[in-house]
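Dumped final-v8.cif below, it's mmCIF, C-alpha atoms and all ligand atoms:
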data_model
loop_
_atom_site.group_PDB
_atom_site.id
_atom_site.type_symbol
_atom_site.label_atom_id
_atom_site.label_comp_id
_atom_site.auth_asym_id
_atom_site.auth_seq_id
_atom_site.Cartn_x
_atom_site.Cartn_y
_atom_site.Cartn_z
ATOM 1 C CA MET A 1 0.000 0.000 0.000
ATOM 2 C CA PHE A 2 2.924 2.351 0.695
ATOM 3 C CA ALA A 3 6.248 2.612 -1.037
ATOM 4 C CA ASP A 4 9.301 3.131 1.161
ATOM 5 C CA VAL A 5 8.785 6.451 2.875
ATOM 6 C CA PRO A 6 11.841 8.066 4.453
ATOM 7 C CA ARG A 7 11.674 9.084 8.095
ATOM 8 C CA PRO A 8 11.856 12.872 8.364
ATOM 9 C CA ALA A 9 14.238 14.552 10.829
ATOM 10 C CA ILE A 10 12.542 14.642 14.237
ATOM 11 C CA VAL A 11 13.758 16.594 17.268
ATOM 12 C CA GLN A 12 13.020 14.875 20.565
ATOM 13 C CA SER A 13 11.402 17.438 22.913
ATOM 14 C CA PRO A 14 9.723 15.192 25.481
ATOM 15 C CA ILE A 15 7.211 16.493 27.979
ATOM 16 C CA PRO A 16 7.202 14.796 31.383
ATOM 17 C CA PHE A 17 5.050 11.645 31.314
ATOM 18 C CA PRO A 18 5.728 9.986 34.675
ATOM 19 C CA ARG A 19 3.742 7.169 36.312
ATOM 20 C CA LYS A 20 1.124 9.580 37.700
ATOM 21 C CA ARG A 21 0.281 10.953 34.243
ATOM 22 C CA LYS A 22 0.139 7.444 32.767
ATOM 23 C CA ALA A 23 -2.236 6.358 35.548
ATOM 24 C CA GLU A 24 -4.459 9.371 34.790
ATOM 25 C CA MET A 25 -4.373 8.521 31.085
ATOM 26 C CA ARG A 26 -5.427 4.971 31.909
ATOM 27 C CA ARG A 27 -8.363 6.232 33.984
ATOM 28 C CA TYR A 28 -9.316 8.651 31.182
ATOM 29 C CA ALA A 29 -9.308 5.744 28.692
ATOM 30 C CA GLU A 30 -11.463 3.710 31.085
ATOM 31 C CA ARG A 31 -14.033 6.532 31.477
ATOM 32 C CA HIS A 32 -14.194 7.568 27.847
ATOM 33 C CA TYR A 33 -13.495 4.381 25.903
ATOM 34 C CA GLY A 34 -14.029 1.548 28.380
ATOM 35 C CA ILE A 35 -10.481 0.232 27.982
ATOM 36 C CA ASP A 36 -7.948 -0.408 30.718
ATOM 37 C CA THR A 37 -4.706 0.985 29.270
ATOM 38 C CA TYR A 38 -2.774 4.201 28.618
ATOM 39 C CA GLU A 39 -1.019 2.631 25.659
ATOM 40 C CA LEU A 40 -1.686 3.633 22.075
ATOM 41 C CA ILE A 41 -1.897 0.323 20.265
ATOM 42 C CA ALA A 42 -2.020 0.063 16.443
ATOM 43 C CA PRO A 43 -3.171 3.641 15.728
ATOM 44 C CA LYS A 44 -5.688 3.935 12.878
ATOM 45 C CA VAL A 45 -6.091 7.706 12.577
ATOM 46 C CA ILE A 46 -3.879 10.805 12.334
ATOM 47 C CA VAL A 47 -5.485 14.055 13.533
ATOM 48 C CA GLU A 48 -4.017 17.361 12.305
ATOM 49 C CA HIS A 49 -4.409 20.426 14.542
ATOM 50 C CA VAL A 50 -3.553 24.117 14.753
ATOM 51 C CA THR A 51 -2.219 25.266 18.124
ATOM 52 C CA VAL A 52 -3.617 28.812 18.006
ATOM 53 C CA THR A 53 -0.325 29.974 19.504
ATOM 54 C CA SER A 54 2.551 31.840 17.849
ATOM 55 C CA THR A 55 5.557 29.897 19.119
ATOM 56 C CA PHE A 56 6.694 26.355 19.779
ATOM 57 C CA SER A 57 7.659 27.242 23.353
ATOM 58 C CA ALA A 58 4.133 28.489 24.125
ATOM 59 C CA THR A 59 2.762 25.175 22.869
ATOM 60 C CA PHE A 60 5.338 23.128 24.773
ATOM 61 C CA ASN A 61 4.524 25.066 27.949
ATOM 62 C CA THR A 62 0.822 24.313 27.489
ATOM 63 C CA PHE A 63 1.380 20.564 27.122
ATOM 64 C CA ALA A 64 4.200 19.986 29.624
ATOM 65 C CA PRO A 65 2.343 20.571 32.926
ATOM 66 C CA ASP A 66 0.060 17.759 34.014
ATOM 67 C CA VAL A 67 -2.890 19.950 34.993
ATOM 68 C CA ALA A 68 -6.600 19.681 34.234
ATOM 69 C CA ASP A 69 -7.458 21.374 30.924
ATOM 70 C CA SER A 70 -9.435 24.618 31.007
ATOM 71 C CA GLU A 71 -12.219 23.345 28.743
ATOM 72 C CA LEU A 72 -13.178 19.900 30.046
ATOM 73 C CA HIS A 73 -11.454 20.099 33.457
ATOM 74 C CA GLU A 74 -10.031 16.611 33.283
ATOM 75 C CA LEU A 75 -6.695 14.930 33.865
ATOM 76 C CA PRO A 76 -4.184 14.154 32.506
ATOM 77 C CA GLY A 77 -3.152 17.435 30.882
ATOM 78 C CA THR A 78 -3.756 17.661 27.137
ATOM 79 C CA CYS A 79 -0.927 16.899 24.737
ATOM 80 C CA SER A 80 0.000 15.918 21.223
ATOM 81 C CA HIS A 81 2.567 13.435 19.942
ATOM 82 C CA TYR A 82 4.138 15.927 17.548
ATOM 83 C CA VAL A 83 4.328 19.705 17.185
ATOM 84 C CA ILE A 84 5.564 21.231 13.917
ATOM 85 C CA ASP A 85 7.100 24.687 14.254
ATOM 86 C CA ILE A 86 6.675 27.457 11.679
ATOM 87 C CA ASP A 87 10.210 26.840 10.354
ATOM 88 C CA GLY A 88 9.343 23.198 9.642
ATOM 89 C CA THR A 89 11.091 21.698 12.684
ATOM 90 C CA ILE A 90 9.266 18.547 13.793
ATOM 91 C CA HIS A 91 9.252 18.073 17.569
ATOM 92 C CA GLN A 92 8.175 14.828 19.207
ATOM 93 C CA LEU A 93 6.720 15.439 22.674
ATOM 94 C CA VAL A 94 5.286 12.024 23.535
ATOM 95 C CA PRO A 95 6.246 8.482 22.428
ATOM 96 C CA LEU A 96 3.846 6.865 19.957
ATOM 97 C CA SER A 97 3.284 4.046 22.446
ATOM 98 C CA ILE A 98 1.329 6.379 24.776
ATOM 99 C CA MET A 99 -2.130 7.935 24.274
ATOM 100 C CA CYS A 100 -2.383 11.710 24.261
ATOM 101 C CA ARG A 101 -5.461 13.792 24.929
ATOM 102 C CA HIS A 102 -5.805 15.847 21.740
ATOM 103 C CA THR A 103 -9.153 14.852 20.185
ATOM 104 C CA VAL A 104 -12.268 13.866 22.128
ATOM 105 C CA GLY A 105 -13.598 10.517 20.867
ATOM 106 C CA LEU A 106 -10.388 9.466 19.124
ATOM 107 C CA ASN A 107 -7.570 9.511 21.680
ATOM 108 C CA ASP A 108 -7.504 5.719 21.944
ATOM 109 C CA THR A 109 -6.589 5.307 18.279
ATOM 110 C CA ALA A 110 -5.237 8.614 16.962
ATOM 111 C CA ILE A 111 -1.794 10.143 16.644
ATOM 112 C CA GLY A 112 -1.940 13.920 17.205
ATOM 113 C CA ILE A 113 0.039 16.426 15.120
ATOM 114 C CA GLU A 114 -0.102 20.090 16.134
ATOM 115 C CA HIS A 115 1.025 22.945 13.887
ATOM 116 C CA VAL A 116 2.207 26.160 15.529
ATOM 117 C CA GLY A 117 0.033 28.906 14.093
ATOM 118 C CA ARG A 118 -3.058 31.031 14.413
ATOM 119 C CA SER A 119 -5.218 29.494 11.655
ATOM 120 C CA ASP A 120 -5.571 26.750 9.031
ATOM 121 C CA GLY A 121 -4.693 29.344 6.407
ATOM 122 C CA GLN A 122 -1.419 30.216 8.089
ATOM 123 C CA VAL A 123 -0.366 26.550 8.179
ATOM 124 C CA MET A 124 -1.410 25.887 4.577
ATOM 125 C CA SER A 125 0.524 28.923 3.318
ATOM 126 C CA ASP A 126 3.729 28.201 5.283
ATOM 127 C CA ARG A 127 5.665 26.129 2.769
ATOM 128 C CA ARG A 128 8.294 24.805 5.192
ATOM 129 C CA GLN A 129 5.774 23.885 7.856
ATOM 130 C CA LEU A 130 3.396 22.266 5.371
ATOM 131 C CA LEU A 131 6.125 20.192 3.680
ATOM 132 C CA ALA A 132 7.369 18.963 7.072
ATOM 133 C CA SER A 133 3.801 18.090 8.029
ATOM 134 C CA LEU A 134 3.199 16.122 4.825
ATOM 135 C CA ARG A 135 6.510 14.267 5.245
ATOM 136 C CA LEU A 136 5.750 13.321 8.848
ATOM 137 C CA THR A 137 2.187 12.280 8.025
ATOM 138 C CA ARG A 138 3.262 10.156 5.033
ATOM 139 C CA TRP A 139 5.900 8.422 7.167
ATOM 140 C CA LEU A 140 3.377 7.684 9.931
ATOM 141 C CA GLN A 141 0.854 6.436 7.366
ATOM 142 C CA ALA A 142 3.426 4.023 5.979
ATOM 143 C CA LYS A 143 4.617 2.915 9.436
ATOM 144 C CA PHE A 144 1.109 2.044 10.664
ATOM 145 C CA GLY A 145 -0.759 1.427 7.384
ATOM 146 C CA ILE A 146 -3.074 4.401 7.902
ATOM 147 C CA ALA A 147 -5.297 5.205 4.924
ATOM 148 C CA ARG A 148 -5.439 8.711 3.449
ATOM 149 C CA LYS A 149 -9.113 9.075 4.431
ATOM 150 C CA ASP A 150 -8.090 8.500 8.049
ATOM 151 C CA VAL A 151 -5.773 11.512 7.998
ATOM 152 C CA ILE A 152 -8.283 14.036 9.295
ATOM 153 C CA GLY A 153 -8.530 17.522 10.715
ATOM 154 C CA HIS A 154 -9.650 18.065 14.303
ATOM 155 C CA ALA A 155 -12.806 19.693 12.887
ATOM 156 C CA GLU A 156 -13.631 16.403 11.097
ATOM 157 C CA SER A 157 -13.402 14.237 14.253
ATOM 158 C CA LEU A 158 -17.133 13.508 14.600
ATOM 159 C CA SER A 159 -17.360 11.962 11.131
ATOM 160 C CA SER A 160 -14.490 9.511 11.652
ATOM 161 C CA PRO A 161 -15.676 5.874 11.682
ATOM 162 C CA TYR A 162 -13.307 5.353 14.639
ATOM 163 C CA HIS A 163 -14.946 8.077 16.771
ATOM 164 C CA HIS A 164 -16.531 6.760 19.976
ATOM 165 C CA GLU A 165 -17.180 8.370 23.334
ATOM 166 C CA ASN A 166 -18.780 6.899 26.453
ATOM 167 C CA VAL A 167 -19.405 10.267 28.143
ATOM 168 C CA LYS A 168 -22.726 11.382 26.668
ATOM 169 C CA SER A 169 -22.193 15.114 27.132
ATOM 170 C CA LEU A 170 -19.023 14.912 25.016
ATOM 171 C CA ARG A 171 -20.389 12.886 22.088
ATOM 172 C CA ASN A 172 -20.705 15.925 19.844
ATOM 173 C CA GLN A 173 -17.681 17.798 21.173
ATOM 174 C CA THR A 174 -15.118 18.910 18.583
ATOM 175 C CA HIS A 175 -13.021 21.923 17.608
ATOM 176 C CA GLY A 176 -12.802 24.094 14.488
ATOM 177 C CA ASP A 177 -9.109 23.630 13.649
ATOM 178 C CA MET A 178 -8.135 22.023 10.330
ATOM 179 C CA SER A 179 -11.559 22.171 8.676
ATOM 180 C CA HIS A 180 -12.908 19.789 6.028
ATOM 181 C CA THR A 181 -12.124 22.357 3.305
ATOM 182 C CA THR A 182 -8.526 22.661 4.521
ATOM 183 C CA MET A 183 -8.144 18.895 4.835
ATOM 184 C CA THR A 184 -9.489 18.237 1.333
ATOM 185 C CA ARG A 185 -6.557 20.319 0.066
ATOM 186 C CA TYR A 186 -4.134 18.714 2.534
ATOM 187 C CA ARG A 187 -5.106 15.110 1.656
ATOM 188 C CA LYS A 188 -4.605 15.827 -2.062
ATOM 189 C CA ARG A 189 -0.969 16.636 -1.284
ATOM 190 C CA LEU A 190 -0.304 13.349 0.568
HETATM 191 ZN ZN ZN B 201 -7.203 20.660 17.684
#
For this file, produce the structure as C-alpha cells.
Ligand SMILES: [Zn+2]
Amino acid sequence: MFADVPRPAIVQSPIPFPRKRKAEMRRYAERHYGIDTYELIAPKVIVEHVTVTSTFSATFNTFAPDVADSELHELPGTCSHYVIDIDGTIHQLVPLSIMCRHTVGLNDTAIGIEHVGRSDGQVMSDRRQLLASLRLTRWLQAKFGIARKDVIGHAESLSSPYHHENVKSLRNQTHGDMSHTTMTRYRKRL
C-alpha cells in the first residue's frame, strides 16, 4: 500500500510523562473508551491540529504541565505526539506508544500532530511547515498502514468511523481547527 517512505528529521522534545500521568491517562481511557490501558496500540487515525499559539515554546509550555485542561477540566493534561514549528522543525513530545489527549472521541486510536500557528490558512501557506507536516504524516501512514481518508482535521473528528465516546455530554464535542475544506486540500498533497 505504501512505497518506502523516508523518516523525516525529528527533534526529541519530550514532555514529562511519569507514572502519575500514565495512571491518569489509563483512567481517562477507562471513562471515555471503556479500555484499561494508557497505551496507544495500532493507531488507525492521524489528527491534524492548529495550536492557536505563535511559538513552539508556548505550545510546549501548554502541554508539559500535568494539569486539568481549562475546557473539560479533566486529567491528565492535554498533549499531542508531535508539534511542527513554523520553520518546519518537527518536535516529538510524547512516544507513539502512549495515548495523548488531543481529540475527544479518538484519543484511543489517533496520533496527534499540532502545527504552531493562528489558523488553518497560516499553516497551509507556510511552505516549510506544510512540507514537514506532509513528510511526517506520510511516514506515519506508511509505518502504521493508515489510509489517506483516516488523515483528518480536528474539525472532522465527529465523522471519523473510529470516533466513539462513552461520556454522553461529550459525544458531539469537537473543535474548528483544520476544517474539512482545509483537509481536502491537505489530503490531495499526501
Ligand atoms: Zn485541535
Would you kindly translate the PyMOL selection byres (((chain A and resi 160-166) around 10) and not hetatm) into the concrete residues it picks from this file, as a ChimeraX atom specification? /A:29-34,44-45,103-110,149-152,156-159,167-173
From A:Gly176, A:Pro65, A:Met25, A:Ala42, residue lying nearest Arg101 in chain A [all atoms listed in the file]: A:Met25
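Restricting the atom set to only C-alpha atoms and all ligand atoms, one finds that the residues within 7 Å of ligand ZN 201 (chain B) amount to His49, Val50, Thr51, His102, Thr103, His154, His175 and Asp177 of chain A.
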Please produce an output containing C-alpha atoms for each residue in the selection, written as a PDB file, in the frame of the given file.
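Ended up saving to out_7.pdb:
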ATOM      1  CA  HIS A  49      -4.409  20.426  14.542  1.00  0.00           C
ATOM      2  CA  VAL A  50      -3.553  24.117  14.753  1.00  0.00           C
ATOM      3  CA  THR A  51      -2.219  25.266  18.124  1.00  0.00           C
ATOM      4  CA  HIS A 102      -5.805  15.847  21.740  1.00  0.00           C
ATOM      5  CA  THR A 103      -9.153  14.852  20.185  1.00  0.00           C
ATOM      6  CA  HIS A 154      -9.650  18.065  14.303  1.00  0.00           C
ATOM      7  CA  HIS A 175     -13.021  21.923  17.608  1.00  0.00           C
ATOM      8  CA  ASP A 177      -9.109  23.630  13.649  1.00  0.00           C
TER       9      ASP A 177
END
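Nearest to Pro18 in chain A of all the residues A:Arg187, A:Ala132, A:Val94, A:Arg138 is A:Val94, counting all atoms listed in the file.
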For CA of Arg135 in chain A and CA of Pro8 in chain A, determine how far apart the two atoms are, in Å to one decimal place. 6.3 Å
Please identify all polymer residues lying at most 10 Å from the point (0.5, 24.1, 11.9) (file coordinates), using only C-alpha atoms, and present the result as a PyMOL selection string. chain A and resi 48-54+83-86+88+113-126+129-130+132-133+177-178
Among listed residues A:Val5, A:Ile146, A:Leu134, A:Met99, nearest Leu190 in chain A (using all atoms listed in the file): A:Leu134
Let me make sure I understand: among A:Cys100, A:Pro16, A:Ile46, A:His81, which one has the smallest atom-to-atom distance to Arg148 in chain A if we use all atoms listed in the file? A:Ile46
Near Ile10 in chain A, within 8 Å and counting all atoms listed in the file, which residues show up once chain neighbours fewer than 6 positions away are dropped, as a PyMOL selection string? chain A and resi 89-92
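Here CA of Tyr38 in chain A stands at a distance of 12.6 Å from CA of Leu75 in chain A.
Put simply, CA of His73 in chain A is 16.4 Å away from CA of Arg26 in chain A.
For the residues A:Leu93, A:Ala64, A:Leu140, A:Val47, ranking by smallest atom-to-atom distance to Gly77 in chain A using only C-alpha atoms places A:Ala64 first.
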Select, from A:Ser57, A:Pro95, A:Pro6, A:Arg27, the residue with the minimum atom-to-atom distance to Thr137 in chain A, counting all atoms listed in the file. A:Pro6
Some atoms are absent from range 87-99 of chain A, so rebuild N, CA and C atoms and return them as a PDB file, keeping the file's coordinate frame.
ATOM      1  N   ASP A  87       9.051  27.007  11.250  1.00  0.00           N
ATOM      2  CA  ASP A  87      10.210  26.840  10.354  1.00  0.00           C
ATOM      3  C   ASP A  87      10.324  25.412   9.823  1.00  0.00           C
ATOM      4  N   GLY A  88       9.341  24.571  10.147  1.00  0.00           N
ATOM      5  CA  GLY A  88       9.343  23.198   9.642  1.00  0.00           C
ATOM      6  C   GLY A  88      10.007  22.194  10.575  1.00  0.00           C
ATOM      7  N   THR A  89      10.502  22.639  11.724  1.00  0.00           N
ATOM      8  CA  THR A  89      11.091  21.698  12.684  1.00  0.00           C
ATOM      9  C   THR A  89       9.993  20.816  13.272  1.00  0.00           C
ATOM     10  N   ILE A  90      10.230  19.496  13.215  1.00  0.00           N
ATOM     11  CA  ILE A  90       9.266  18.547  13.793  1.00  0.00           C
ATOM     12  C   ILE A  90       9.740  18.163  15.188  1.00  0.00           C
ATOM     13  N   HIS A  91       8.947  18.465  16.194  1.00  0.00           N
ATOM     14  CA  HIS A  91       9.252  18.073  17.569  1.00  0.00           C
ATOM     15  C   HIS A  91       8.371  16.900  17.955  1.00  0.00           C
ATOM     16  N   GLN A  92       8.981  15.906  18.613  1.00  0.00           N
ATOM     17  CA  GLN A  92       8.175  14.828  19.207  1.00  0.00           C
ATOM     18  C   GLN A  92       8.122  15.051  20.703  1.00  0.00           C
ATOM     19  N   LEU A  93       6.900  15.148  21.251  1.00  0.00           N
ATOM     20  CA  LEU A  93       6.720  15.439  22.674  1.00  0.00           C
ATOM     21  C   LEU A  93       6.394  14.187  23.486  1.00  0.00           C
ATOM     22  N   VAL A  94       5.754  13.219  22.823  1.00  0.00           N
ATOM     23  CA  VAL A  94       5.286  12.024  23.535  1.00  0.00           C
ATOM     24  C   VAL A  94       5.556  10.804  22.640  1.00  0.00           C
ATOM     25  N   PRO A  95       6.033   9.695  23.222  1.00  0.00           N
ATOM     26  CA  PRO A  95       6.246   8.482  22.428  1.00  0.00           C
ATOM     27  C   PRO A  95       4.929   7.985  21.804  1.00  0.00           C
ATOM     28  N   LEU A  96       5.050   7.350  20.638  1.00  0.00           N
ATOM     29  CA  LEU A  96       3.846   6.865  19.957  1.00  0.00           C
ATOM     30  C   LEU A  96       3.184   5.707  20.696  1.00  0.00           C
ATOM     31  N   SER A  97       3.859   5.166  21.695  1.00  0.00           N
ATOM     32  CA  SER A  97       3.284   4.046  22.446  1.00  0.00           C
ATOM     33  C   SER A  97       2.308   4.513  23.525  1.00  0.00           C
ATOM     34  N   ILE A  98       2.185   5.842  23.715  1.00  0.00           N
ATOM     35  CA  ILE A  98       1.329   6.379  24.776  1.00  0.00           C
ATOM     36  C   ILE A  98       0.204   7.220  24.168  1.00  0.00           C
ATOM     37  N   MET A  99      -1.005   7.090  24.726  1.00  0.00           N
ATOM     38  CA  MET A  99      -2.130   7.935  24.274  1.00  0.00           C
ATOM     39  C   MET A  99      -1.928   9.368  24.742  1.00  0.00           C
TER      40      MET A  99
END
